Structures are given as structure tokens and as C-alpha cells.
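**Q** Supplied structure: work_18.txt, compact mmCIF, C-alpha atoms.
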```
# COMPACT_ATOMS: atom_id res chain seq x y z
CA MET O 142 2.77 18.12 4.09
CA THR O 143 -0.42 19.84 5.16
CA GLY O 144 -3.95 18.44 5.02
CA VAL O 145 -2.77 14.82 5.19
CA THR O 146 -5.54 12.36 6.00
CA TYR O 147 -3.87 9.09 4.98
CA ASP O 148 -0.45 7.55 5.25
CA LEU O 149 -1.07 5.46 2.16
CA VAL O 150 -3.34 5.40 -0.87
CA VAL O 151 -3.32 2.08 -2.73
CA ILE O 152 -4.42 1.95 -6.37
CA GLY O 153 -5.22 -1.20 -8.27
CA ASP O 154 -6.96 -4.54 -8.24
CA VAL O 155 -9.37 -6.08 -5.78
CA ASN O 156 -11.32 -9.29 -6.28
CA PRO O 157 -12.43 -12.49 -4.57
CA ASP O 158 -9.87 -15.30 -4.72
CA VAL O 159 -11.03 -18.91 -4.77
CA VAL O 160 -7.96 -20.82 -3.59
CA VAL O 161 -8.02 -24.61 -4.07
CA GLY O 162 -5.42 -27.30 -3.73
CA PRO O 163 -3.08 -28.96 -3.60
CA VAL O 164 -3.55 -29.95 -7.23
CA THR O 165 -1.35 -32.62 -8.83
CA GLY O 166 -2.76 -32.21 -12.34
CA LEU O 167 -5.92 -31.16 -14.11
CA ALA O 168 -8.21 -33.74 -15.71
CA PHE O 169 -10.60 -32.37 -18.32
CA GLY O 170 -13.45 -34.34 -19.89
CA GLN O 171 -15.84 -33.45 -17.05
CA ARG O 172 -13.80 -35.39 -14.49
CA GLU O 173 -14.31 -34.28 -10.91
CA GLN O 174 -11.21 -34.08 -8.72
CA LEU O 175 -11.07 -33.72 -4.96
CA VAL O 176 -8.58 -31.42 -3.19
CA ASP O 177 -7.81 -30.89 0.49
CA HIS O 178 -8.62 -27.21 0.71
CA GLY O 179 -10.93 -24.66 -0.88
CA ARG O 180 -11.37 -21.10 0.41
CA LEU O 181 -13.02 -17.87 -0.63
CA VAL O 182 -10.74 -15.01 0.40
CA LEU O 183 -9.92 -11.43 -0.46
CA GLY O 184 -7.61 -11.20 -3.46
CA GLY O 185 -5.89 -8.72 -5.69
CA SER O 186 -2.30 -7.58 -5.20
CA ALA O 187 -3.31 -4.02 -4.36
CA ALA O 188 -6.04 -5.13 -1.94
CA ILE O 189 -3.77 -7.53 -0.04
CA MET O 190 -1.07 -4.86 0.20
CA ALA O 191 -3.61 -2.35 1.54
CA CYS O 192 -4.77 -4.78 4.22
CA GLY O 193 -1.19 -5.57 5.21
CA ALA O 194 -0.38 -1.88 5.57
CA ALA O 195 -3.48 -1.26 7.68
CA ARG O 196 -2.52 -4.22 9.88
CA LEU O 197 0.87 -2.54 10.38
CA GLY O 198 -0.85 0.58 11.67
CA LEU O 199 -1.04 2.83 8.61
CA ARG O 200 -4.06 4.93 7.70
CA VAL O 201 -4.96 3.44 4.31
CA ALA O 202 -7.42 4.36 1.55
CA PHE O 203 -8.12 2.25 -1.52
CA ALA O 204 -8.81 3.56 -5.03
CA GLY O 205 -9.93 1.26 -7.80
CA ARG O 206 -13.05 -0.27 -9.27
CA VAL O 207 -15.47 -3.12 -8.51
CA GLY O 208 -18.69 -4.25 -10.11
CA ASP O 209 -22.22 -3.67 -8.85
CA ASP O 210 -22.56 -7.31 -7.84
CA PRO O 211 -22.23 -9.67 -4.85
CA ALA O 212 -18.50 -10.09 -5.48
CA GLY O 213 -18.09 -6.33 -5.22
CA VAL O 214 -20.02 -6.25 -1.95
CA PHE O 215 -17.81 -9.05 -0.62
CA VAL O 216 -14.49 -7.34 -1.34
CA ARG O 217 -15.67 -3.94 -0.09
CA GLY O 218 -16.66 -5.55 3.18
CA GLU O 219 -13.39 -7.46 3.48
CA LEU O 220 -11.32 -4.31 2.94
CA ALA O 221 -13.40 -2.26 5.38
CA ASP O 222 -13.26 -4.99 8.03
CA ARG O 223 -9.47 -4.78 7.89
CA GLY O 224 -9.41 -1.03 8.42
CA VAL O 225 -9.08 0.17 4.82
CA ASP O 226 -11.13 3.22 3.77
CA VAL O 227 -13.22 2.19 0.73
CA SER O 228 -15.14 5.44 0.35
CA ARG O 229 -13.26 6.18 -2.90
CA LEU O 230 -13.69 2.70 -4.38
CA THR O 231 -15.64 3.17 -7.63
CA VAL O 232 -18.61 0.91 -8.41
CA ASP O 233 -18.81 0.13 -12.13
CA PRO O 234 -22.44 0.13 -13.32
CA ALA O 235 -21.87 -2.30 -16.21
CA LEU O 236 -18.78 -4.49 -15.81
CA PRO O 237 -18.45 -7.20 -13.15
CA THR O 238 -15.96 -7.46 -10.30
CA PRO O 239 -12.85 -9.43 -11.32
CA LEU O 240 -12.70 -13.05 -10.19
CA THR O 241 -9.59 -15.18 -9.63
CA THR O 242 -9.12 -18.90 -9.09
CA ILE O 243 -5.76 -19.99 -7.65
CA LEU O 244 -4.68 -23.60 -7.99
CA THR O 245 -1.94 -24.50 -5.52
CA THR O 246 0.49 -27.42 -5.54
CA ALA O 247 2.08 -29.30 -2.67
CA ASP O 248 5.51 -27.75 -3.41
CA GLY O 249 4.23 -24.16 -3.11
CA ASP O 250 3.72 -23.35 -6.78
CA ARG O 251 0.43 -22.01 -8.09
CA ALA O 252 -1.51 -21.30 -11.25
CA ILE O 253 -3.69 -18.19 -11.37
CA LEU O 254 -6.79 -17.83 -13.56
CA THR O 255 -8.37 -14.36 -13.65
CA ALA O 256 -11.48 -13.02 -15.34
CA PRO O 257 -10.57 -9.30 -15.47
CA GLY O 258 -14.08 -7.82 -15.39
CA CYS O 259 -13.86 -4.10 -14.64
CA LEU O 260 -10.06 -4.08 -14.38
CA THR O 261 -9.92 -3.02 -18.02
CA ALA O 262 -12.04 0.04 -17.18
CA THR O 263 -9.98 1.07 -14.14
CA GLY O 264 -8.16 4.31 -14.89
CA PRO O 265 -6.75 7.57 -13.53
CA ALA O 266 -10.24 9.02 -13.18
CA ASP O 267 -10.84 6.50 -10.39
CA VAL O 268 -8.19 8.29 -8.30
CA PRO O 269 -9.48 11.76 -7.34
CA SER O 270 -6.91 14.55 -7.18
CA ASP O 271 -7.90 15.47 -3.65
CA LEU O 272 -7.05 11.93 -2.55
CA LEU O 273 -3.53 12.31 -3.97
CA ALA O 274 -3.18 15.56 -2.05
CA ALA O 275 -4.23 13.93 1.23
CA THR O 276 -1.65 11.14 1.53
CA ARG O 277 2.01 10.62 2.35
CA HIS O 278 2.52 7.75 -0.09
CA VAL O 279 0.85 6.26 -3.18
CA HIS O 280 1.28 2.60 -4.13
CA ALA O 281 0.06 0.99 -7.37
CA ALA O 282 -0.10 -2.71 -8.20
CA SER O 283 -0.91 -5.09 -11.06
CA PHE O 284 0.31 -2.63 -13.67
CA PHE O 285 -0.17 -4.90 -16.69
CA LEU O 286 -3.73 -5.93 -15.76
CA MET O 287 -5.07 -2.38 -16.07
CA PRO O 288 -3.93 -0.83 -19.38
CA ARG O 289 -5.99 2.32 -18.94
CA LEU O 290 -4.52 3.01 -15.53
CA ALA O 291 -1.01 2.05 -16.71
CA ALA O 292 -1.15 4.60 -19.52
CA GLY O 293 -1.93 7.40 -17.06
CA LEU O 294 0.09 6.26 -14.07
CA ALA O 295 3.17 8.40 -14.74
CA ALA O 296 1.08 11.57 -14.72
CA LEU O 297 -0.81 10.38 -11.65
CA PHE O 298 2.45 9.70 -9.78
CA ASP O 299 3.77 13.11 -10.86
CA ARG O 300 0.70 14.76 -9.33
CA ALA O 301 1.14 12.82 -6.10
CA ARG O 302 4.78 13.82 -5.88
CA ALA O 303 3.90 17.45 -6.54
CA HIS O 304 1.80 17.28 -3.36
CA GLY O 305 4.79 15.87 -1.45
CA ALA O 306 3.90 12.17 -1.52
CA THR O 307 6.29 9.35 -2.34
CA THR O 308 5.38 6.56 -4.76
CA SER O 309 5.85 2.83 -5.24
CA LEU O 310 4.92 0.26 -7.86
CA ASP O 311 4.59 -3.52 -7.93
CA THR O 312 4.01 -4.43 -11.57
CA ASN O 313 3.20 -8.08 -10.78
CA ASP O 314 3.05 -10.49 -13.70
CA ASP O 315 2.29 -9.60 -17.32
CA PRO O 316 -0.20 -12.21 -18.60
CA ALA O 317 0.69 -11.26 -22.18
CA ALA O 318 4.42 -11.71 -21.43
CA ARG O 319 5.24 -8.50 -23.33
CA TRP O 320 6.68 -6.56 -20.37
CA ASP O 321 6.17 -3.34 -22.33
CA ARG O 322 9.05 -1.05 -21.34
CA ALA O 323 7.76 1.76 -23.57
CA LEU O 324 4.70 1.82 -21.30
CA LEU O 325 6.63 1.28 -18.07
CA ASP O 326 9.72 3.49 -18.44
CA PRO O 327 7.88 6.84 -18.03
CA VAL O 328 6.32 5.46 -14.84
CA LEU O 329 9.70 4.40 -13.45
CA LYS O 330 10.90 7.99 -13.69
CA ALA O 331 8.08 8.99 -11.32
CA THR O 332 8.45 5.96 -9.02
CA ASP O 333 10.43 6.12 -5.79
CA VAL O 334 10.36 2.36 -5.09
CA LEU O 335 9.89 -0.51 -7.56
CA LEU O 336 8.93 -3.82 -5.91
CA PRO O 337 9.14 -6.78 -8.33
CA ASN O 338 9.79 -10.38 -7.48
CA ALA O 339 12.88 -12.04 -8.92
CA ALA O 340 11.16 -13.46 -12.02
CA GLU O 341 9.51 -10.11 -12.76
CA ALA O 342 12.79 -8.23 -12.31
CA LEU O 343 14.49 -10.52 -14.83
CA ALA O 344 11.64 -10.15 -17.32
CA LEU O 345 11.50 -6.37 -16.96
CA SER O 346 15.25 -5.89 -17.30
CA GLY O 347 16.22 -8.59 -19.78
CA ASP O 348 19.09 -9.62 -17.49
CA SER O 349 19.86 -13.18 -16.42
CA ARG O 350 20.91 -12.46 -12.81
CA VAL O 351 18.78 -10.83 -10.15
CA THR O 352 21.53 -8.49 -8.94
CA ASP O 353 22.10 -7.27 -12.50
CA ALA O 354 18.35 -6.84 -13.02
CA ALA O 355 18.06 -4.71 -9.91
CA ALA O 356 20.93 -2.51 -11.06
CA THR O 357 19.47 -2.12 -14.54
CA LEU O 358 16.05 -1.12 -13.24
CA ALA O 359 17.53 1.22 -10.62
CA GLY O 360 19.28 3.01 -13.46
CA HIS O 361 15.87 4.33 -14.52
CA GLY O 362 15.42 6.16 -11.21
CA PRO O 363 13.70 4.13 -8.49
CA THR O 364 15.09 2.25 -5.55
CA VAL O 365 14.55 -1.37 -6.60
CA VAL O 366 13.49 -3.90 -3.96
CA VAL O 367 13.37 -7.50 -5.19
CA LYS O 368 11.50 -10.33 -3.48
CA ASP O 369 13.66 -13.42 -3.91
CA GLY O 370 11.63 -16.18 -2.26
CA ALA O 371 13.47 -18.46 0.15
CA ARG O 372 16.67 -16.51 -0.59
CA GLY O 373 15.18 -13.43 1.08
CA ALA O 374 15.26 -10.05 -0.62
CA LEU O 375 17.65 -7.51 -2.05
CA ALA O 376 17.56 -3.78 -2.61
CA ARG O 377 19.45 -1.59 -5.04
CA HIS O 378 19.71 2.16 -4.39
CA GLY O 379 22.14 4.03 -6.61
CA ASP O 380 25.36 2.00 -6.50
CA GLU O 381 24.48 0.27 -3.21
CA THR O 382 23.13 -3.29 -3.07
CA LEU O 383 21.80 -4.82 0.16
CA ARG O 384 20.50 -8.31 0.83
CA VAL O 385 18.62 -9.82 3.78
CA ALA O 386 17.66 -13.41 4.51
CA ALA O 387 14.11 -14.70 4.67
CA VAL O 388 12.54 -15.27 8.07
CA PRO O 389 12.19 -19.04 8.65
CA VAL O 390 8.56 -20.13 9.04
CA GLU O 391 6.45 -23.22 8.40
CA PRO O 392 4.52 -21.96 5.35
CA LEU O 393 0.95 -23.02 4.68
CA ASP O 394 0.16 -20.72 1.74
CA ALA O 395 2.36 -18.23 -0.15
CA VAL O 396 -0.57 -16.44 -1.83
CA GLY O 397 -0.16 -12.70 -1.24
CA ALA O 398 3.24 -12.98 0.47
CA GLY O 399 4.78 -10.52 -1.96
CA ASP O 400 2.02 -8.01 -1.31
CA SER O 401 2.54 -8.29 2.45
CA PHE O 402 6.25 -7.76 1.78
CA ASP O 403 5.37 -4.54 -0.10
CA ALA O 404 3.27 -3.37 2.84
CA GLY O 405 6.13 -4.00 5.25
CA PHE O 406 8.63 -2.06 3.17
CA VAL O 407 6.37 0.95 2.67
CA ALA O 408 5.33 1.01 6.34
CA ALA O 409 8.96 0.90 7.44
CA ARG O 410 9.98 3.72 5.12
CA LEU O 411 7.07 5.85 6.28
CA ARG O 412 8.26 5.29 9.87
CA GLY O 413 11.63 6.69 8.86
CA LEU O 414 13.61 3.45 8.86
CA GLY O 415 16.66 3.13 6.64
CA LEU O 416 16.97 0.86 3.65
CA ARG O 417 18.38 -2.20 5.43
CA ALA O 418 15.88 -2.12 8.29
CA SER O 419 13.02 -1.54 5.85
CA LEU O 420 14.16 -4.48 3.75
CA ALA O 421 14.31 -6.69 6.84
CA MET O 422 10.81 -5.61 7.91
CA ALA O 423 9.50 -6.35 4.43
CA ALA O 424 11.03 -9.82 4.45
CA ALA O 425 9.53 -10.49 7.88
CA CYS O 426 6.06 -9.39 6.78
CA GLY O 427 6.20 -11.51 3.65
CA SER O 428 7.39 -14.60 5.50
CA LEU O 429 4.93 -14.31 8.39
CA SER O 430 1.99 -13.89 6.02
CA THR O 431 2.47 -17.48 4.79
CA ARG O 432 1.48 -18.99 8.17
CA ALA O 433 -2.21 -19.28 7.15
CA HIS O 434 -4.24 -19.82 4.02
CA GLY O 435 -5.16 -16.78 1.94
CA GLY O 436 -3.35 -13.48 1.54
CA THR O 437 -4.55 -11.62 4.64
CA ALA O 438 -5.26 -14.08 7.45
CA ALA O 439 -1.72 -14.16 8.88
CA GLN O 440 -0.52 -10.65 8.06
CA PRO O 441 1.50 -9.49 11.08
CA THR O 442 1.20 -6.42 13.24
CA TRP O 443 4.19 -4.08 13.40
CA ASP O 444 5.34 -5.52 16.73
CA GLU O 445 5.04 -9.11 15.50
CA ALA O 446 7.13 -8.42 12.42
CA TRP O 447 9.69 -6.24 14.18
CA ALA O 448 10.23 -8.93 16.83
CA VAL O 449 11.59 -11.41 14.24
CA THR O 450 13.88 -9.01 12.37
CA ASP O 451 16.57 -8.94 15.08
CA LEU O 452 17.13 -5.28 14.18
CA LYS O 453 15.99 -3.54 17.35
CA GLY O 454 17.75 -0.20 17.58
CA THR O 455 18.73 -0.32 13.89
CA ARG O 456 17.59 2.34 11.45
```
Let's see the structure in the file written out as C-alpha cells.
**A**
Amino acid sequence: MTGVTYDLVVIGDVNPDVVVGPVTGLAFGQREQLVDHGRLVLGGSAAIMACGAARLGLRVAFAGRVGDDPAGVFVRGELADRGVDVSRLTVDPALPTPLTTILTTADGDRAILTAPGCLTATGPADVPSDLLAATRHVHAASFFLMPRLAAGLAALFDRARAHGATTSLDTNDDPAARWDRALLDPVLKATDVLLPNAAEALALSGDSRVTDAAATLAGHGPTVVVKDGARGALARHGDETLRVAAVPVEPLDAVGAGDSFDAGFVAARLRGLGLRASLAMAAACGSLSTRAHGGTAAQPTWDEAWAVTDLKGTR
């Protein structure tokens, strides 16, 4: 590829996260409840993935949309402080920056409440063609939160691939629980790597076992890499299925762990690592990111993650 400025362009959601917990139950009727922790941190699957990739040493640009408001200023600053180029981040003149509140529980579960703001206006026009021509890889996240972008993502990925870039997608959850395959299937044909978690893989495929779900989704074209929590991760490429264990850590907060996993996998592939080593690096990055509160505070460097994979010399 000629004229490459970036290793990675990330497309998708960015917003402030207000993370509070642990919560044992919600009491309405104007009751005030006290929790141990409350933090304002950078959120959005795409944004956390971009920061994780920059932490791993990639040259990263972000394409998406924020509002012309203090929340937009906050997230732009957080991305830039972590080494992500925000010069192509569109400022919406009318709609606000999305806002998310995350309620955590003592056993690691969480509820996520999001006001979408300008996510509904985010679309292919927010990703300039020259940006697609200047990168080695394009990653998109939060597919079902941005219907305008989702409808044009297949064509956008096709353009990126025409310039020689590879592509990846993390759909994340579908708040409407429709998991629209008519919308997604054309995108899968232009996607090199699909990165769901286990629950998302089952919902997208209609299968009842994660290994079957990975095989079903891989049948539509992409390599499928599934985040499977404490059980580690698995990858399906063609007829080959690989699995790696999770890296043992003392987790404080799992928010954004899947996005850090995505960053690890993409960074490893862009370094030329094979599927097994890339899967191990992804699992390490996801696990290590849980050592602190928020999605970005404990994201590892390349050397930190590589040191716990026990794969030195493996490709």
C-alpha cells in the first residue's frame, strides 16, 4: 500500500461513561442509594478499541460524530490524550454527544443505559474516502446503534478493501434484540474479521453452542473471533477452530474488556502474527484491561500483553 498514514481507522461510537456500582437493586420513588464507586470515563466500544490499539503502538485515527457540547469536548480530549488522531471526528451542530450510564454489580454483571444523541446521525459521510485510502485496517463497532452507518457499511468496507486495507467488525449488542441479518449479511461479505462476544455470536447465528455459532458466521466469509469470558476465546477460520484460555487476573472492572480484546487481535494481525498468537494476544489484552476501573485505564502496552501470553517465538 502506498500513501499509508495510519495503521488503523476506527469508526463508530464515542461518549462519556458514568460508571457506578456495585448496585444490588434499584429503588425508585425518589429513593437515594449509595454505591462504593462512581467515575466519569471515556466510553463507546469504538473509542475504547481505538485507545487500546494506540496503547499497543498503532497509528490510529477515529471517525465518527460528537455533539457541540461539553461532553463532546471531553471525549475528544480523552481520545487525543491517548494518542488517537481526532482530526476527522465530526462535530454535529444540532444533536448532542451520546451519554451512557453503566450500573455494575458485585459479581461482574452490568446494565447499560444509553441516550444515543448524534449516534443516529452518524453515517458513511463521516468517513472521508481519503481516510480509507490512508490506512492498513478499518474497524467498525456498535453496528446496531448507528442505523445510518450500518446501512452503508458494506460499501464503505468495499472501498477500504479496494485500497488494500483489511476490515473488522464488532457488532456489540442490539438494544432492539432484532439482530437484523438482512442488514448485517452484506457487511459480513466485506468483513475480514468478525469479533462478537459469545452471547452476540449466539444471537447473530441462531445457534445454541458457541462453536456452532462461530462456524455458522464464518460461513458468510469472515474469520470469526469470539470473546468467551472466563473461558477465554475461540476463533473459526474456514474449517479450523482454535481456542485459548483467559489470562488469570484479579478483575476490578470488565467495562471495555471486549474492546481491548479487539484492539489486541487487530494489532497482532497487523504485526503479521498468525491466528493462534493473535488470539492469545487478544485474550491477554482483554484480561489485563480489567485491572482498573473504566475501559482504558489498564489497557496494556504490547510488551505487557506479550509477556503474559507465553507465546514468545510463536507466530
**Q** As a PDB file with C-alpha atoms, in the coordinates of the input, please: the residues near region 382-391 of chain O (cut-off 12 Å, all atoms listed in the file, same-chain neighbours under 4 positions excluded).
**A**
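Contents of the output file out_24.pdb:
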```pdb
ATOM      1  CA  GLY O 249       4.230 -24.160  -3.110  1.00  0.00           C
ATOM      2  CA  VAL O 351      18.780 -10.830 -10.150  1.00  0.00           C
ATOM      3  CA  THR O 352      21.530  -8.490  -8.940  1.00  0.00           C
ATOM      4  CA  ASP O 353      22.100  -7.270 -12.500  1.00  0.00           C
ATOM      5  CA  ALA O 354      18.350  -6.840 -13.020  1.00  0.00           C
ATOM      6  CA  ALA O 355      18.060  -4.710  -9.910  1.00  0.00           C
ATOM      7  CA  ALA O 356      20.930  -2.510 -11.060  1.00  0.00           C
ATOM      8  CA  ALA O 359      17.530   1.220 -10.620  1.00  0.00           C
ATOM      9  CA  THR O 364      15.090   2.250  -5.550  1.00  0.00           C
ATOM     10  CA  VAL O 365      14.550  -1.370  -6.600  1.00  0.00           C
ATOM     11  CA  VAL O 366      13.490  -3.900  -3.960  1.00  0.00           C
ATOM     12  CA  VAL O 367      13.370  -7.500  -5.190  1.00  0.00           C
ATOM     13  CA  LYS O 368      11.500 -10.330  -3.480  1.00  0.00           C
ATOM     14  CA  ASP O 369      13.660 -13.420  -3.910  1.00  0.00           C
ATOM     15  CA  GLY O 370      11.630 -16.180  -2.260  1.00  0.00           C
ATOM     16  CA  ALA O 371      13.470 -18.460   0.150  1.00  0.00           C
ATOM     17  CA  ARG O 372      16.670 -16.510  -0.590  1.00  0.00           C
ATOM     18  CA  GLY O 373      15.180 -13.430   1.080  1.00  0.00           C
ATOM     19  CA  ALA O 374      15.260 -10.050  -0.620  1.00  0.00           C
ATOM     20  CA  LEU O 375      17.650  -7.510  -2.050  1.00  0.00           C
ATOM     21  CA  ALA O 376      17.560  -3.780  -2.610  1.00  0.00           C
ATOM     22  CA  ARG O 377      19.450  -1.590  -5.040  1.00  0.00           C
ATOM     23  CA  HIS O 378      19.710   2.160  -4.390  1.00  0.00           C
ATOM     24  CA  ALA O 395       2.360 -18.230  -0.150  1.00  0.00           C
ATOM     25  CA  ALA O 398       3.240 -12.980   0.470  1.00  0.00           C
ATOM     26  CA  PHE O 402       6.250  -7.760   1.780  1.00  0.00           C
ATOM     27  CA  GLY O 415      16.660   3.130   6.640  1.00  0.00           C
ATOM     28  CA  LEU O 416      16.970   0.860   3.650  1.00  0.00           C
ATOM     29  CA  ARG O 417      18.380  -2.200   5.430  1.00  0.00           C
ATOM     30  CA  ALA O 418      15.880  -2.120   8.290  1.00  0.00           C
ATOM     31  CA  SER O 419      13.020  -1.540   5.850  1.00  0.00           C
ATOM     32  CA  LEU O 420      14.160  -4.480   3.750  1.00  0.00           C
ATOM     33  CA  ALA O 421      14.310  -6.690   6.840  1.00  0.00           C
ATOM     34  CA  MET O 422      10.810  -5.610   7.910  1.00  0.00           C
ATOM     35  CA  ALA O 423       9.500  -6.350   4.430  1.00  0.00           C
ATOM     36  CA  ALA O 424      11.030  -9.820   4.450  1.00  0.00           C
ATOM     37  CA  ALA O 425       9.530 -10.490   7.880  1.00  0.00           C
ATOM     38  CA  CYS O 426       6.060  -9.390   6.780  1.00  0.00           C
ATOM     39  CA  GLY O 427       6.200 -11.510   3.650  1.00  0.00           C
ATOM     40  CA  SER O 428       7.390 -14.600   5.500  1.00  0.00           C
ATOM     41  CA  LEU O 429       4.930 -14.310   8.390  1.00  0.00           C
ATOM     42  CA  SER O 430       1.990 -13.890   6.020  1.00  0.00           C
ATOM     43  CA  THR O 431       2.470 -17.480   4.790  1.00  0.00           C
ATOM     44  CA  ARG O 432       1.480 -18.990   8.170  1.00  0.00           C
ATOM     45  CA  ALA O 433      -2.210 -19.280   7.150  1.00  0.00           C
ATOM     46  CA  ALA O 439      -1.720 -14.160   8.880  1.00  0.00           C
ATOM     47  CA  ALA O 446       7.130  -8.420  12.420  1.00  0.00           C
ATOM     48  CA  TRP O 447       9.690  -6.240  14.180  1.00  0.00           C
ATOM     49  CA  ALA O 448      10.230  -8.930  16.830  1.00  0.00           C
ATOM     50  CA  VAL O 449      11.590 -11.410  14.240  1.00  0.00           C
ATOM     51  CA  THR O 450      13.880  -9.010  12.370  1.00  0.00           C
ATOM     52  CA  ASP O 451      16.570  -8.940  15.080  1.00  0.00           C
ATOM     53  CA  LEU O 452      17.130  -5.280  14.180  1.00  0.00           C
TER      54      LEU O 452
END
```
**Q** Report the closest atom pair, with its distance in Å rounded to one decimal, for each residue of region 147-240 of chain O that has an atom no farther than 10 Å from region 281-302 of chain O; count only C-alpha atoms, sort by chain and then rising residue number, and write it as CSV.
**A**
```
residue,atom,partner,partner_atom,distance
O:Val150,CA,O:Ala281,CA,8.6
O:Val151,CA,O:Ala281,CA,5.8
O:Ile152,CA,O:Ala281,CA,4.7
O:Gly153,CA,O:Ala282,CA,5.3
O:Asp154,CA,O:Ser283,CA,6.7
O:Gly185,CA,O:Ser283,CA,8.2
O:Ser186,CA,O:Ala282,CA,6.1
O:Ala187,CA,O:Ala282,CA,5.2
O:Ala188,CA,O:Ala282,CA,9.0
O:Met190,CA,O:Ala282,CA,8.7
O:Ala204,CA,O:Ala281,CA,9.5
O:Gly205,CA,O:Leu290,CA,9.6
```
**Q** Go through O:Val407, O:Ala262, O:Ala212, O:Val396 and flag the residue nearest Leu310 (chain O), using all atoms listed in the file for the distances.
**A**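 Among the listed residues, O:Val407 lies closest to Leu310 (chain O).
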**Q** Grab the CA of Pro257 (chain O) to CA of Phe215 (chain O) distance for me, in Å with one decimal place.
**A**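 It comes out at 16.5 Å.
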**Q** So the first atom is CA of Gly397 (chain O) and the second is CA of Thr261 (chain O); what is the distance between them in Å, to one decimal place?
**A**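 Taking CA of Gly397 (chain O) and CA of Thr261 (chain O), their separation equals 21.7 Å.
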**Q** Find the residues near Ala344 (chain O): any atom within 12 Å, counting all atoms listed in the file, skip ones fewer than 2 places away on the same chain, and give them as an NGL selection string.
**A** :O and (312-315 or 318-322 or 337-342 or 346-351 or 353-355 or 357-358)
**Q** Rounded to one decimal in Å, what is the spacing between CA of Pro157 (chain O) and CA of Pro239 (chain O)?
**A** 7.4 Å
**Q** Counting all atoms listed in the file, which residue out of O:Ala191, O:Val214, O:Leu336, O:Leu411 sits closest to Gly399 (chain O)?
**A**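 Of O:Ala191, O:Val214, O:Leu336, O:Leu411, the one nearest Gly399 (chain O), counting all atoms listed in the file, is O:Leu336.
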